[in-house]
$ cat input01.cif   # mmCIF, C-alpha atoms
data_input
#
loop_
_atom_site.label_atom_id
_atom_site.label_comp_id
_atom_site.auth_asym_id
_atom_site.auth_seq_id
_atom_site.Cartn_x
_atom_site.Cartn_y
_atom_site.Cartn_z
CA MET O 68 -19.29 -0.86 -9.21
CA PRO O 69 -16.48 -3.38 -8.81
CA PRO O 70 -17.34 -7.03 -9.38
CA PRO O 71 -18.36 -8.92 -6.24
CA PRO O 72 -15.74 -11.16 -4.61
CA ARG O 73 -15.78 -14.81 -5.65
CA PHE O 74 -14.02 -16.13 -2.54
CA CYS O 75 -14.35 -15.16 1.11
CA PRO O 76 -11.50 -12.87 2.22
CA GLN O 77 -11.68 -14.43 5.73
CA CYS O 78 -11.71 -18.18 5.03
CA ALA O 79 -11.27 -18.47 1.21
CA HIS O 80 -14.49 -20.46 0.88
CA PRO O 81 -16.25 -19.94 -2.49
CA LEU O 82 -18.98 -17.36 -2.12
CA PRO O 83 -22.42 -18.51 -3.30
CA SER O 84 -23.62 -14.90 -3.48
CA ALA O 85 -22.26 -11.38 -3.24
CA GLN O 86 -23.94 -10.99 0.17
CA GLY O 87 -21.44 -12.98 2.24
CA CYS O 88 -19.99 -16.32 3.28
CA ASP O 89 -22.10 -19.29 4.40
CA SER O 90 -19.00 -20.95 5.87
CA CYS O 91 -17.63 -18.33 8.32
CA GLY O 92 -20.41 -15.73 8.39
CA TRP O 93 -18.39 -12.89 6.78
CA ILE O 94 -20.70 -10.18 5.39
CA ASN O 95 -19.83 -8.25 2.24
CA TYR O 96 -20.51 -4.56 2.87
CA VAL O 97 -20.27 -2.57 -0.34
CA ASP O 98 -19.12 0.78 0.99
CA PRO O 99 -18.88 3.98 -1.03
CA LYS O 100 -15.57 5.63 -1.89
CA VAL O 101 -15.21 9.22 -0.75
CA ALA O 102 -13.41 11.64 -3.07
CA ALA O 103 -12.28 15.15 -2.21
CA VAL O 104 -12.33 17.76 -4.98
CA VAL O 105 -10.62 21.09 -4.42
CA LEU O 106 -11.22 24.35 -6.28
CA VAL O 107 -8.18 26.44 -5.45
CA SER O 108 -8.08 30.13 -6.26
CA ASP O 109 -5.20 32.56 -6.06
CA ASP O 110 -5.02 36.32 -5.50
CA GLN O 111 -5.11 36.94 -9.27
CA GLY O 112 -8.57 35.42 -9.78
CA ARG O 113 -7.34 32.18 -11.27
CA LEU O 114 -8.38 28.58 -10.61
CA LEU O 115 -5.93 25.69 -10.28
CA TYR O 116 -6.24 22.79 -12.74
CA VAL O 117 -4.28 19.60 -13.40
CA ARG O 118 -3.99 17.61 -16.60
CA ARG O 119 -4.67 14.00 -15.60
CA ASN O 120 -2.20 11.24 -16.47
CA HIS O 121 -4.51 8.33 -15.59
CA GLU O 122 -8.04 7.11 -16.16
CA PRO O 123 -10.71 8.12 -15.82
CA ALA O 124 -10.43 11.22 -17.97
CA MET O 125 -6.77 10.76 -18.89
CA TYR O 126 -5.27 13.83 -20.64
CA ARG O 127 -8.22 16.01 -19.58
CA TRP O 128 -7.99 19.09 -17.36
CA SER O 129 -9.73 18.91 -13.99
CA TRP O 130 -9.38 20.21 -10.46
CA PRO O 131 -7.09 18.49 -7.99
CA SER O 132 -8.95 15.56 -6.47
CA GLY O 133 -8.58 12.09 -5.05
CA PHE O 134 -9.83 9.49 -2.66
CA VAL O 135 -9.83 9.97 1.08
CA ASP O 136 -7.70 7.39 2.90
CA ALA O 137 -9.20 5.35 5.75
CA GLY O 138 -8.92 7.34 8.97
CA GLU O 139 -8.07 10.59 7.16
CA ARG O 140 -10.08 13.80 7.62
CA VAL O 141 -11.67 14.85 4.32
CA GLU O 142 -10.16 18.34 4.63
CA ASP O 143 -6.69 16.84 5.15
CA ALA O 144 -7.17 14.62 2.10
CA ALA O 145 -8.19 17.68 0.09
CA ALA O 146 -5.00 19.56 1.04
CA ARG O 147 -2.87 16.45 0.45
CA GLU O 148 -4.27 15.87 -3.03
CA VAL O 149 -3.59 19.48 -4.06
CA ARG O 150 -0.02 19.29 -2.73
CA GLU O 151 0.66 15.89 -4.37
CA GLU O 152 -0.78 16.87 -7.75
CA THR O 153 0.41 20.49 -8.04
CA GLY O 154 3.06 21.36 -5.43
CA ILE O 155 0.75 24.08 -4.07
CA GLU O 156 0.00 24.33 -0.34
CA VAL O 157 -3.56 25.34 0.45
CA ARG O 158 -5.82 26.44 3.24
CA VAL O 159 -9.02 24.44 2.84
CA GLY O 160 -12.06 26.63 3.35
CA GLU O 161 -15.75 26.46 2.64
CA LEU O 162 -17.51 23.19 1.92
CA LEU O 163 -19.06 23.68 -1.53
CA GLY O 164 -21.24 20.60 -1.30
CA VAL O 165 -21.59 16.85 -1.43
CA TRP O 166 -22.56 15.08 -4.65
CA SER O 167 -23.64 11.50 -5.26
CA ALA O 168 -25.89 9.59 -7.64
CA THR O 169 -27.98 6.45 -7.40
CA GLY O 170 -25.95 3.44 -8.47
CA GLU O 171 -22.62 5.26 -8.26
CA GLN O 172 -19.99 4.16 -5.74
CA VAL O 173 -18.18 7.51 -5.42
CA VAL O 174 -19.36 10.29 -3.11
CA VAL O 175 -17.78 13.62 -4.07
CA ILE O 176 -17.08 16.25 -1.42
CA ALA O 177 -15.96 19.59 -2.86
CA TYR O 178 -14.15 22.41 -1.09
CA ARG O 179 -13.05 25.94 -1.81
CA ALA O 180 -9.38 26.54 -0.95
CA SER O 181 -6.82 29.32 -1.10
CA ALA O 182 -3.22 28.95 -2.19
CA VAL O 183 -0.86 29.78 0.69
CA GLY O 184 2.51 28.52 -0.55
CA GLY O 185 4.47 26.01 -2.55
CA SER O 186 5.49 26.22 -6.18
CA LEU O 187 3.50 25.05 -9.15
CA ARG O 188 4.76 21.78 -10.61
CA PRO O 189 2.89 18.67 -11.73
CA GLY O 190 3.06 15.73 -9.35
CA PRO O 191 3.08 12.00 -10.15
CA GLU O 192 -0.64 11.95 -11.02
CA ALA O 193 -0.56 14.95 -13.35
CA LEU O 194 0.95 15.67 -16.76
CA ALA O 195 0.72 19.41 -16.09
CA ALA O 196 -0.62 21.90 -13.59
CA ALA O 197 -1.80 25.39 -14.45
CA TRP O 198 -3.59 28.46 -13.13
CA ILE O 199 -6.49 29.33 -15.45
CA PRO O 200 -8.33 32.67 -15.25
CA LEU O 201 -11.90 32.49 -13.94
CA GLU O 202 -13.25 35.45 -15.91
CA PRO O 203 -16.08 34.46 -18.26
CA GLU O 204 -14.22 35.79 -21.32
CA HIS O 205 -11.44 33.22 -20.79
CA ARG O 206 -11.99 29.70 -22.00
CA ARG O 207 -12.08 27.28 -19.09
CA PRO O 208 -11.59 23.53 -19.55
CA THR O 209 -14.73 21.56 -20.33
CA PRO O 210 -16.13 19.81 -17.23
CA VAL O 211 -14.90 16.21 -17.04
CA PHE O 212 -16.91 14.43 -14.37
CA PRO O 213 -20.70 14.23 -13.92
CA HIS O 214 -20.96 16.77 -11.09
CA ASP O 215 -18.31 19.25 -12.29
CA ALA O 216 -20.72 21.81 -13.74
CA GLU O 217 -22.68 21.91 -10.46
CA ILE O 218 -19.48 22.12 -8.41
CA LEU O 219 -18.18 25.04 -10.50
CA LYS O 220 -21.53 26.79 -10.20
CA SER O 221 -21.37 26.44 -6.41
CA PHE O 222 -17.86 27.94 -6.50
CA ILE O 223 -18.49 30.97 -8.74
CA GLY O 224 -22.20 31.46 -8.07
CA PRO O 225 -25.10 31.53 -10.51
CA GLU O 226 -24.27 34.95 -11.95
CA ARG O 227 -21.20 33.79 -13.93
#

$ encode --input "input01.cif" --output "structure tokens"
Amino acid sequence: MPPPPRFCPQCAHPLPSAQGCDSCGWINYVDPKVAAVVLVSDDQGRLLYVRRNHEPAMYRWSWPSGFVDAGERVEDAAAREVREETGIEVRVGELLGVWSATGEQVVVIAYRASAVGGSLRPGPEALAAAWIPLEPEHRRPTPVFPHDAEILKSFIGPER
């Protein structure tokens, strides 16, 4: 969680507590951040990964993901993040699930998507982008974030 504000963003009065301002009545709502995660497959049975160039999990391989902008549909954010990070255009499909945890600020919404165009190239938030085979005999990157194992299981099913 980010630290609470020390001064009111409305009137700049010092805040006696994280709850709000005694001077102007501003209330501090601590809202969650919504992140879209996208598991993109192609017609060769591969899954799209990016190598992150920023924290958290810098240098690690993960699926394209990012925060949803205010006023943006989650599905549109999912497609945008894939395009920005990999150059691949997708058709966002099935909702895989929603993950959250007590005390955590981020709510993760994961989707299945299909590649429909573009060309693979890392974007500004990725060191590399790659298609990695899904077959169990191939070594997939180790899950990076707390819900990744559950998200992958929802994508491939319990049998794999």

$ residues_around --input "input01.cif" --residues "Thr209 of chain O" --least-positions-apart "6" --cutoff "10 Å" --atoms "all atoms listed in the file" --output "ChimeraX atom specification"
/O:127-129,215-216

$ resolve_selection --input "input01.cif" --expression "the PyMOL selection byres ((chain O and resi 172) around 12)" --output "VMD selection string"
chain O and resid 68 to 69 97 to 102 134 166 to 171 173 to 175

$ residues_around --input "input01.cif" --residues "Gln77 of chain O" --least-positions-apart "2" --cutoff "12 Å" --atoms "all atoms listed in the file" --output "list in words"
Pro72, Phe74, Cys75, Ala79, His80, Pro81, Leu82, Gly87, Cys88, Asp89, Ser90, Cys91, Gly92, Trp93, Ile94 and Asn95 of chain O

$ residues_around --input "input01.cif" --residues "Leu114 of chain O" --least-positions-apart "4" --cutoff "7 Å" --atoms "only C-alpha atoms" --output "list in words"
Leu106, Val107, Ser108, Asp109, Trp198, Ile199, Pro200 and Leu201 of chain O

$ closest_residue --input "input01.cif" --among "O:Ala146, O:Ala182, O:Val159, O:Ala195" --to "Arg118 of chain O" --atoms "all atoms listed in the file"
O:Ala195

$ resolve_selection --input "input01.cif" --expression "the PyMOL selection byres ((chain O and resi 192) around 12)" --output "PDB file with C-alpha atoms, in the frame of the given file"
ATOM      1  CA  VAL O 117      -4.280  19.600 -13.400  1.00  0.00           C
ATOM      2  CA  ARG O 118      -3.990  17.610 -16.600  1.00  0.00           C
ATOM      3  CA  ARG O 119      -4.670  14.000 -15.600  1.00  0.00           C
ATOM      4  CA  ASN O 120      -2.200  11.240 -16.470  1.00  0.00           C
ATOM      5  CA  HIS O 121      -4.510   8.330 -15.590  1.00  0.00           C
ATOM      6  CA  GLU O 122      -8.040   7.110 -16.160  1.00  0.00           C
ATOM      7  CA  PRO O 123     -10.710   8.120 -15.820  1.00  0.00           C
ATOM      8  CA  MET O 125      -6.770  10.760 -18.890  1.00  0.00           C
ATOM      9  CA  TYR O 126      -5.270  13.830 -20.640  1.00  0.00           C
ATOM     10  CA  SER O 129      -9.730  18.910 -13.990  1.00  0.00           C
ATOM     11  CA  PRO O 131      -7.090  18.490  -7.990  1.00  0.00           C
ATOM     12  CA  SER O 132      -8.950  15.560  -6.470  1.00  0.00           C
ATOM     13  CA  GLY O 133      -8.580  12.090  -5.050  1.00  0.00           C
ATOM     14  CA  GLU O 148      -4.270  15.870  -3.030  1.00  0.00           C
ATOM     15  CA  VAL O 149      -3.590  19.480  -4.060  1.00  0.00           C
ATOM     16  CA  ARG O 150      -0.020  19.290  -2.730  1.00  0.00           C
ATOM     17  CA  GLU O 151       0.660  15.890  -4.370  1.00  0.00           C
ATOM     18  CA  GLU O 152      -0.780  16.870  -7.750  1.00  0.00           C
ATOM     19  CA  THR O 153       0.410  20.490  -8.040  1.00  0.00           C
ATOM     20  CA  GLY O 154       3.060  21.360  -5.430  1.00  0.00           C
ATOM     21  CA  ARG O 188       4.760  21.780 -10.610  1.00  0.00           C
ATOM     22  CA  PRO O 189       2.890  18.670 -11.730  1.00  0.00           C
ATOM     23  CA  GLY O 190       3.060  15.730  -9.350  1.00  0.00           C
ATOM     24  CA  PRO O 191       3.080  12.000 -10.150  1.00  0.00           C
ATOM     25  CA  ALA O 193      -0.560  14.950 -13.350  1.00  0.00           C
ATOM     26  CA  LEU O 194       0.950  15.670 -16.760  1.00  0.00           C
ATOM     27  CA  ALA O 195       0.720  19.410 -16.090  1.00  0.00           C
ATOM     28  CA  ALA O 196      -0.620  21.900 -13.590  1.00  0.00           C
TER      29      ALA O 196
END

$ atom_distance --input "input01.cif" --atom1 "atom CA of Glu156 of chain O" --atom2 "atom CA of Glu142 of chain O"
12.8 Å

$ atom_distance --input "input01.cif" --atom1 "atom CA of Ile155 of chain O" --atom2 "atom CA of Leu219 of chain O"
20.0 Å

$ residues_around --input "input01.cif" --residues "Val141 of chain O" --least-positions-apart "3" --cutoff "10 Å" --atoms "all atoms listed in the file" --output "number ranges by chain"
O: 101-104, 134-138, 144-147, 176-178

$ atom_distance --input "input01.cif" --atom1 "atom CA of Ile218 of chain O" --atom2 "atom CA of Arg206 of chain O"
17.3 Å

$ residues_around --input "input01.cif" --residues "Gly160 of chain O" --least-positions-apart "2" --cutoff "8 Å" --atoms "all atoms listed in the file" --output "JSON, numbers by chain"
{"O": [158, 162, 178, 179, 180, 181]}

$ axis_aligned_box --input "input01.cif" --around "segment 90-105 of chain O" --padding-each-side "8 Å" --output "JSON"
{"center_x": -15.7, "center_y": 0.1, "center_z": 1.7, "size_x": 26.1, "size_y": 58.0, "size_z": 29.4}

$ closest_residue --input "input01.cif" --among "O:Pro203, O:Trp130, O:Pro213, O:Asp110" --to "Val183 of chain O" --atoms "all atoms listed in the file"
O:Asp110

$ closest_residue --input "input01.cif" --among "O:Pro83, O:Arg73, O:Val157, O:Val105" --to "Leu187 of chain O" --atoms "only C-alpha atoms"
O:Val157

$ build_atoms --input "input01.cif" --residues "segment 143-154 of chain O" --atoms "all heavy atoms" --output "mmCIF file, in the frame of the given file"
data_model
loop_
_atom_site.group_PDB
_atom_site.id
_atom_site.type_symbol
_atom_site.label_atom_id
_atom_site.label_comp_id
_atom_site.auth_asym_id
_atom_site.auth_seq_id
_atom_site.Cartn_x
_atom_site.Cartn_y
_atom_site.Cartn_z
ATOM 1 N N ASP O 143 -8.109 17.170 5.268
ATOM 2 C CA ASP O 143 -6.690 16.840 5.150
ATOM 3 C C ASP O 143 -6.407 16.145 3.822
ATOM 4 O O ASP O 143 -5.379 16.387 3.195
ATOM 5 C CB ASP O 143 -6.243 15.953 6.316
ATOM 6 C CG ASP O 143 -6.294 16.675 7.655
ATOM 7 O OD1 ASP O 143 -6.283 17.931 7.668
ATOM 8 O OD2 ASP O 143 -6.347 15.990 8.694
ATOM 9 N N ALA O 144 -7.315 15.279 3.403
ATOM 10 C CA ALA O 144 -7.170 14.620 2.100
ATOM 11 C C ALA O 144 -7.207 15.652 0.976
ATOM 12 O O ALA O 144 -6.440 15.559 0.009
ATOM 13 C CB ALA O 144 -8.264 13.578 1.899
ATOM 14 N N ALA O 145 -8.084 16.636 1.106
ATOM 15 C CA ALA O 145 -8.190 17.680 0.090
ATOM 16 C C ALA O 145 -6.864 18.428 -0.048
ATOM 17 O O ALA O 145 -6.341 18.602 -1.156
ATOM 18 C CB ALA O 145 -9.321 18.647 0.452
ATOM 19 N N ALA O 146 -6.288 18.844 1.071
ATOM 20 C CA ALA O 146 -5.000 19.560 1.040
ATOM 21 C C ALA O 146 -3.892 18.662 0.515
ATOM 22 O O ALA O 146 -3.040 19.098 -0.268
ATOM 23 C CB ALA O 146 -4.666 20.078 2.434
ATOM 24 N N ARG O 147 -3.887 17.395 0.905
ATOM 25 C CA ARG O 147 -2.870 16.450 0.450
ATOM 26 C C ARG O 147 -2.935 16.259 -1.057
ATOM 27 O O ARG O 147 -1.907 16.278 -1.745
ATOM 28 C CB ARG O 147 -3.047 15.100 1.162
ATOM 29 C CG ARG O 147 -2.112 14.001 0.640
ATOM 30 C CD ARG O 147 -2.342 12.669 1.329
ATOM 31 N NE ARG O 147 -3.711 12.201 1.332
ATOM 32 C CZ ARG O 147 -4.335 11.629 0.280
ATOM 33 N NH1 ARG O 147 -3.705 11.495 -0.875
ATOM 34 N NH2 ARG O 147 -5.589 11.216 0.399
ATOM 35 N N GLU O 148 -4.124 16.089 -1.588
ATOM 36 C CA GLU O 148 -4.270 15.870 -3.030
ATOM 37 C C GLU O 148 -3.768 17.073 -3.825
ATOM 38 O O GLU O 148 -3.085 16.914 -4.835
ATOM 39 C CB GLU O 148 -5.726 15.560 -3.387
ATOM 40 C CG GLU O 148 -6.180 14.174 -2.960
ATOM 41 C CD GLU O 148 -5.481 13.041 -3.687
ATOM 42 O OE1 GLU O 148 -4.898 13.264 -4.775
ATOM 43 O OE2 GLU O 148 -5.522 11.910 -3.178
ATOM 44 N N VAL O 149 -4.072 18.281 -3.372
ATOM 45 C CA VAL O 149 -3.590 19.480 -4.060
ATOM 46 C C VAL O 149 -2.060 19.505 -4.042
ATOM 47 O O VAL O 149 -1.407 19.722 -5.070
ATOM 48 C CB VAL O 149 -4.159 20.777 -3.452
ATOM 49 C CG1 VAL O 149 -3.534 22.006 -4.099
ATOM 50 C CG2 VAL O 149 -5.675 20.818 -3.589
ATOM 51 N N ARG O 150 -1.485 19.276 -2.870
ATOM 52 C CA ARG O 150 -0.020 19.290 -2.730
ATOM 53 C C ARG O 150 0.627 18.221 -3.610
ATOM 54 O O ARG O 150 1.591 18.484 -4.324
ATOM 55 C CB ARG O 150 0.351 19.087 -1.256
ATOM 56 C CG ARG O 150 1.828 19.161 -0.962
ATOM 57 C CD ARG O 150 2.136 19.038 0.527
ATOM 58 N NE ARG O 150 1.536 17.850 1.141
ATOM 59 C CZ ARG O 150 0.448 17.843 1.923
ATOM 60 N NH1 ARG O 150 -0.164 18.965 2.218
ATOM 61 N NH2 ARG O 150 -0.017 16.722 2.419
ATOM 62 N N GLU O 151 0.083 16.995 -3.585
ATOM 63 C CA GLU O 151 0.660 15.890 -4.370
ATOM 64 C C GLU O 151 0.560 16.150 -5.872
ATOM 65 O O GLU O 151 1.481 15.821 -6.616
ATOM 66 C CB GLU O 151 -0.060 14.575 -4.054
ATOM 67 C CG GLU O 151 0.248 14.007 -2.705
ATOM 68 C CD GLU O 151 -0.562 12.756 -2.384
ATOM 69 O OE1 GLU O 151 -1.418 12.331 -3.187
ATOM 70 O OE2 GLU O 151 -0.340 12.206 -1.297
ATOM 71 N N GLU O 152 -0.550 16.719 -6.314
ATOM 72 C CA GLU O 152 -0.780 16.870 -7.750
ATOM 73 C C GLU O 152 -0.195 18.148 -8.336
ATOM 74 O O GLU O 152 0.052 18.219 -9.535
ATOM 75 C CB GLU O 152 -2.275 16.793 -8.052
ATOM 76 C CG GLU O 152 -2.856 15.421 -7.758
ATOM 77 C CD GLU O 152 -4.340 15.316 -8.029
ATOM 78 O OE1 GLU O 152 -4.930 16.252 -8.612
ATOM 79 O OE2 GLU O 152 -4.925 14.278 -7.654
ATOM 80 N N THR O 153 0.013 19.182 -7.486
ATOM 81 C CA THR O 153 0.410 20.490 -8.040
ATOM 82 C C THR O 153 1.599 21.152 -7.357
ATOM 83 O O THR O 153 2.113 22.140 -7.878
ATOM 84 C CB THR O 153 -0.767 21.485 -7.951
ATOM 85 O OG1 THR O 153 -0.988 21.814 -6.575
ATOM 86 C CG2 THR O 153 -2.030 20.925 -8.572
ATOM 87 N N GLY O 154 1.999 20.692 -6.175
ATOM 88 C CA GLY O 154 3.060 21.360 -5.430
ATOM 89 C C GLY O 154 2.585 22.575 -4.652
ATOM 90 O O GLY O 154 3.365 23.218 -3.961
#
